[in-house]
Amino acid sequence: MILVSIIIPNYNRAIYIESSIQSVINQTYTNWELIIVDDCSTDNSIDIIKECIKNDKRIKLYQMPQNNGLPAVPRNFGIEKASGDFIAFLDSDDIWLSDKLQEQINLAQQKDAAVVYSYYEKIDSNGFRNNRIVRTPSKINYKQLLKGNVIGCLTGMYSVNKLGKIYFLYEKVEDYILWLSILKKGHIAYAVPKVLALYRVGQTSFSSNKLKAAKWTWAVYRKHEHLSIIESIFYFLLYIICGFRKYKI
């Protein structure tokens with residue numbers, strides 16, 4: 001069986017981390033290792049994680065020597081420790097549905113894919129579901145991904161056998177940069193057309209977040225992808241259109 005390495009960065013998510021871990025334990029696909037990298041939490045996250053480890057030895061805990069403030073740092077540490085054929089990501093306040101891994105492994109094998117992802121559903125801070133589903137294209141290439149990031153990090157999974165280990169840059173929207181770097185090599189990402197994960201939405205300002213995301217996306221076009229001004233404006237306008245459709249959910 002294909003081994004999947006799952007990376008969870010954690011910082012002060014004691015209120016949610018057990019649910020995230022349990023959603024991995026509940027997977028119908030059982031050949032996985034869960035690598036939790038704690039970024040110097042000051043709450044009782046570590047105690048909760050250690051209790052989970054007592055009941056399932058597929059869970060591993062690493063603790064960073066100092067707080068880094070960026071999820072990319074513990075994620076990259078987890079990637080270094082990973083031994084799986086695929087690497088998947090889950091944040092410490094999000095949840096997978098039980099068939100997530102099985103559905104995506106099946107699709108990856110059918111399509112011989114380097115990257116797979118899926119629909120996901122937004123939930124509130126209390127975990128309430130209200131059919132706020134983010135639907136994605138069934139497949140996507142590099143130029144299509146430039147229009148906006150449709151690969152939710154909590155659903156994305158990449159093949160180490162095909163790509164080697166790909167690491168995050170220490171930048172904002174680091175997951176978007178990661179997926180672009182993979183697809184830029186000519187790979188196509190494929191989606192399971194159903195909800196396989198639940199994304200927890202915080203209470204921060206919508207307008208403030210979207211403005212920041214827009215600035216970060218523009219920086220991706222110019223700094224990382226080295227698009228011309230004309231190309232950047234073209235894709236940025238498409239990003240705004242796609243973003244409006246996505247975030248009004």
# chains A, B, ... in the order shown; residues from 1 in each chain; ligands from 1
>>> residues_around(residues="Asp39 of chain A", least_positions_apart="5", cutoff="7 Å", atoms="only C-alpha atoms", output="number ranges by chain")
A: 10-11, 63-64, 66-68, 74
>>> write_last_selection(atoms="N, CA and C atoms", output="short mmCIF file (atom, residue, chain, number, x, y, z; two decimals), in the first residue's frame")
data_model
loop_
_atom_site.label_atom_id
_atom_site.label_comp_id
_atom_site.auth_asym_id
_atom_site.auth_seq_id
_atom_site.Cartn_x
_atom_site.Cartn_y
_atom_site.Cartn_z
N ASN A 10 1.22 22.88 14.44
CA ASN A 10 0.33 23.27 15.54
C ASN A 10 0.92 24.41 16.36
N TYR A 11 0.05 25.37 16.68
CA TYR A 11 0.43 26.40 17.64
C TYR A 11 -0.82 26.84 18.39
N GLN A 63 8.76 18.90 18.35
CA GLN A 63 8.60 20.24 18.92
C GLN A 63 9.74 21.13 18.45
N MET A 64 9.38 22.27 17.88
CA MET A 64 10.38 23.21 17.41
C MET A 64 11.09 23.85 18.59
N GLN A 66 12.13 26.89 18.92
CA GLN A 66 11.66 28.25 19.14
C GLN A 66 10.47 28.52 18.23
N ASN A 67 9.64 29.46 18.63
CA ASN A 67 8.46 29.81 17.83
C ASN A 67 8.89 30.54 16.57
N ASN A 68 8.31 30.14 15.45
CA ASN A 68 8.68 30.72 14.17
C ASN A 68 7.62 31.65 13.59
N PRO A 74 7.28 24.82 10.45
CA PRO A 74 6.99 23.46 10.94
C PRO A 74 6.55 22.51 9.83
#
>>> residues_around(residues="segment 79-85 of chain A", least_positions_apart="4", cutoff="7 Å", atoms="only C-alpha atoms", output="ChimeraX atom specification")
/A:2-5,75,159-161
>>> closest_residue(among="A:Leu169, A:Ile36, A:Ile177, A:Ala191", to="Thr136 of chain A", atoms="only C-alpha atoms")
A:Ala191
>>> select_by_dssp(residues="segment 39-174 of chain A", states="helix (DSSP H, G or I)", output="JSON, numbers by chain")
{"A": [45, 46, 47, 48, 49, 50, 51, 52, 53, 54, 55, 72, 73, 74, 75, 76, 77, 78, 79, 80, 81, 100, 101, 102, 103, 104, 105, 106, 107, 108, 109, 110, 111, 142, 143, 144, 145, 160, 161, 162, 163, 174]}
>>> closest_residue(among="A:Ser20, A:Asn130, A:Asn149, A:Thr30", to="Ala213 of chain A", atoms="only C-alpha atoms")
A:Asn149
>>> residues_around(residues="Ser181 of chain A", least_positions_apart="4", cutoff="9 Å", atoms="only C-alpha atoms", output="JSON, numbers by chain")
{"A": [142, 166, 176, 177, 185, 225]}
>>> select_by_dssp(residues="segment 75-208 of chain A", states="strand (DSSP E or B)", output="PyMOL selection string")
chain A and resi 86-89+95-96+115-123+129-134+139-140+157-159+189-200
>>> write_last_selection(atoms="N, CA and C atoms", output="mmCIF file, in the first residue's frame")
data_model
loop_
_atom_site.group_PDB
_atom_site.id
_atom_site.type_symbol
_atom_site.label_atom_id
_atom_site.label_comp_id
_atom_site.auth_asym_id
_atom_site.auth_seq_id
_atom_site.Cartn_x
_atom_site.Cartn_y
_atom_site.Cartn_z
ATOM 1 N N PHE A 86 3.335 9.773 -0.671
ATOM 2 C CA PHE A 86 2.609 11.032 -0.858
ATOM 3 C C PHE A 86 2.727 11.857 0.414
ATOM 4 N N ILE A 87 2.682 13.172 0.251
ATOM 5 C CA ILE A 87 2.654 14.079 1.398
ATOM 6 C C ILE A 87 1.376 14.902 1.326
ATOM 7 N N ALA A 88 0.652 14.934 2.433
ATOM 8 C CA ALA A 88 -0.607 15.674 2.528
ATOM 9 C C ALA A 88 -0.528 16.634 3.703
ATOM 10 N N PHE A 89 -1.394 17.647 3.676
ATOM 11 C CA PHE A 89 -1.336 18.701 4.685
ATOM 12 C C PHE A 89 -2.704 18.911 5.336
ATOM 13 N N ILE A 95 -10.538 19.724 9.479
ATOM 14 C CA ILE A 95 -10.995 18.337 9.647
ATOM 15 C C ILE A 95 -11.084 17.665 8.280
ATOM 16 N N TRP A 96 -10.684 16.408 8.233
ATOM 17 C CA TRP A 96 -10.895 15.587 7.045
ATOM 18 C C TRP A 96 -12.127 14.703 7.233
ATOM 19 N N VAL A 115 -0.251 15.531 -8.348
ATOM 20 C CA VAL A 115 -0.981 16.312 -7.346
ATOM 21 C C VAL A 115 -2.456 15.983 -7.439
ATOM 22 N N VAL A 116 -3.086 15.777 -6.294
ATOM 23 C CA VAL A 116 -4.542 15.618 -6.248
ATOM 24 C C VAL A 116 -5.089 16.521 -5.145
ATOM 25 N N TYR A 117 -6.352 16.901 -5.311
ATOM 26 C CA TYR A 117 -7.022 17.769 -4.349
ATOM 27 C C TYR A 117 -8.512 17.492 -4.406
ATOM 28 N N SER A 118 -9.344 18.323 -3.775
ATOM 29 C CA SER A 118 -10.777 18.039 -3.756
ATOM 30 C C SER A 118 -11.568 19.288 -3.403
ATOM 31 N N TYR A 119 -12.890 19.155 -3.462
ATOM 32 C CA TYR A 119 -13.762 20.186 -2.891
ATOM 33 C C TYR A 119 -13.546 20.210 -1.380
ATOM 34 N N TYR A 120 -13.917 21.335 -0.768
ATOM 35 C CA TYR A 120 -13.969 21.388 0.687
ATOM 36 C C TYR A 120 -15.131 22.282 1.103
ATOM 37 N N GLU A 121 -15.485 22.200 2.363
ATOM 38 C CA GLU A 121 -16.628 22.960 2.878
ATOM 39 C C GLU A 121 -16.179 23.843 4.032
ATOM 40 N N LYS A 122 -16.662 25.076 4.043
ATOM 41 C CA LYS A 122 -16.343 25.999 5.124
ATOM 42 C C LYS A 122 -17.243 25.733 6.323
ATOM 43 N N ILE A 123 -16.638 25.748 7.501
ATOM 44 C CA ILE A 123 -17.405 25.625 8.744
ATOM 45 C C ILE A 123 -17.040 26.810 9.642
ATOM 46 N N ARG A 129 -21.718 23.234 9.978
ATOM 47 C CA ARG A 129 -21.737 23.134 8.519
ATOM 48 C C ARG A 129 -23.018 23.740 7.964
ATOM 49 N N ASN A 130 -22.872 24.548 6.914
ATOM 50 C CA ASN A 130 -24.032 25.210 6.334
ATOM 51 C C ASN A 130 -23.980 25.170 4.808
ATOM 52 N N ASN A 131 -23.410 24.080 4.272
ATOM 53 C CA ASN A 131 -23.358 23.850 2.826
ATOM 54 C C ASN A 131 -22.595 24.939 2.079
ATOM 55 N N ARG A 132 -21.559 25.494 2.717
ATOM 56 C CA ARG A 132 -20.718 26.510 2.069
ATOM 57 C C ARG A 132 -19.564 25.796 1.367
ATOM 58 N N ILE A 133 -19.871 25.207 0.233
ATOM 59 C CA ILE A 133 -18.941 24.315 -0.451
ATOM 60 C C ILE A 133 -18.110 25.084 -1.472
ATOM 61 N N VAL A 134 -16.799 24.898 -1.395
ATOM 62 C CA VAL A 134 -15.887 25.468 -2.388
ATOM 63 C C VAL A 134 -15.607 24.379 -3.423
ATOM 64 N N LYS A 139 -9.659 19.357 -13.105
ATOM 65 C CA LYS A 139 -8.208 19.303 -13.284
ATOM 66 C C LYS A 139 -7.722 20.714 -13.589
ATOM 67 N N ILE A 140 -6.436 20.954 -13.360
ATOM 68 C CA ILE A 140 -5.928 22.302 -13.544
ATOM 69 C C ILE A 140 -4.438 22.250 -13.900
ATOM 70 N N MET A 157 -2.399 17.127 -2.007
ATOM 71 C CA MET A 157 -1.525 15.994 -1.734
ATOM 72 C C MET A 157 -0.602 15.817 -2.928
ATOM 73 N N TYR A 158 0.714 15.679 -2.693
ATOM 74 C CA TYR A 158 1.601 15.503 -3.837
ATOM 75 C C TYR A 158 2.442 14.238 -3.717
ATOM 76 N N SER A 159 2.871 13.748 -4.877
ATOM 77 C CA SER A 159 3.611 12.494 -4.949
ATOM 78 C C SER A 159 5.103 12.737 -4.802
ATOM 79 N N ALA A 189 -2.856 18.892 -12.012
ATOM 80 C CA ALA A 189 -3.460 18.467 -10.747
ATOM 81 C C ALA A 189 -4.896 18.037 -10.995
ATOM 82 N N TYR A 190 -5.318 16.976 -10.313
ATOM 83 C CA TYR A 190 -6.656 16.423 -10.510
ATOM 84 C C TYR A 190 -7.439 16.476 -9.192
ATOM 85 N N ALA A 191 -8.742 16.751 -9.321
ATOM 86 C CA ALA A 191 -9.593 16.898 -8.139
ATOM 87 C C ALA A 191 -10.611 15.776 -8.027
ATOM 88 N N VAL A 192 -10.841 15.338 -6.806
ATOM 89 C CA VAL A 192 -12.006 14.498 -6.507
ATOM 90 C C VAL A 192 -13.204 15.440 -6.378
ATOM 91 N N PRO A 193 -14.232 15.277 -7.183
ATOM 92 C CA PRO A 193 -15.332 16.246 -7.209
ATOM 93 C C PRO A 193 -16.350 16.044 -6.091
ATOM 94 N N LYS A 194 -15.871 16.050 -4.878
ATOM 95 C CA LYS A 194 -16.760 15.945 -3.723
ATOM 96 C C LYS A 194 -16.053 16.550 -2.521
ATOM 97 N N VAL A 195 -16.839 16.902 -1.510
ATOM 98 C CA VAL A 195 -16.276 17.473 -0.284
ATOM 99 C C VAL A 195 -15.561 16.382 0.502
ATOM 100 N N LEU A 196 -14.269 16.609 0.745
ATOM 101 C CA LEU A 196 -13.482 15.648 1.518
ATOM 102 C C LEU A 196 -12.843 16.272 2.751
ATOM 103 N N ALA A 197 -13.055 17.581 2.942
ATOM 104 C CA ALA A 197 -12.432 18.254 4.088
ATOM 105 C C ALA A 197 -13.282 19.440 4.516
ATOM 106 N N LEU A 198 -13.102 19.825 5.782
ATOM 107 C CA LEU A 198 -13.844 20.945 6.364
ATOM 108 C C LEU A 198 -12.853 22.010 6.811
ATOM 109 N N TYR A 199 -13.021 23.217 6.266
ATOM 110 C CA TYR A 199 -12.110 24.331 6.518
ATOM 111 C C TYR A 199 -12.747 25.279 7.528
ATOM 112 N N ARG A 200 -12.083 25.482 8.649
ATOM 113 C CA ARG A 200 -12.626 26.318 9.712
ATOM 114 C C ARG A 200 -12.310 27.792 9.438
#
>>> closest_residue(among="A:Leu183, A:Val201, A:Thr217, A:Ile229", to="Phe128 of chain A", atoms="only C-alpha atoms")
A:Val201
>>> atom_distance(atom1="atom CA of Glu171 of chain A", atom2="atom CA of Gly69 of chain A")
11.4 Å
>>> atom_distance(atom1="atom CA of Ile46 of chain A", atom2="atom CA of Asn12 of chain A")
9.1 Å
>>> atom_distance(atom1="atom CA of Gln27 of chain A", atom2="atom CA of Ser98 of chain A")
4.4 Å
>>> residues_around(residues="Tyr221 of chain A", least_positions_apart="4", cutoff="9 Å", atoms="only C-alpha atoms", output="number ranges by chain")
A: 146, 216-217, 225-229, 231-232, 235-236
>>> closest_residue(among="A:Ile233, A:Ile241, A:Leu101, A:Met1", to="Leu154 of chain A", atoms="only C-alpha atoms")
A:Leu101
>>> closest_residue(among="A:Lys172, A:Lys184, A:Lys54, A:Lys212", to="Ala72 of chain A", atoms="only C-alpha atoms")
A:Lys172
>>> closest_residue(among="A:Asn26, A:Ile182, A:Phe234, A:Lys223", to="Asp99 of chain A", atoms="only C-alpha atoms")
A:Asn26
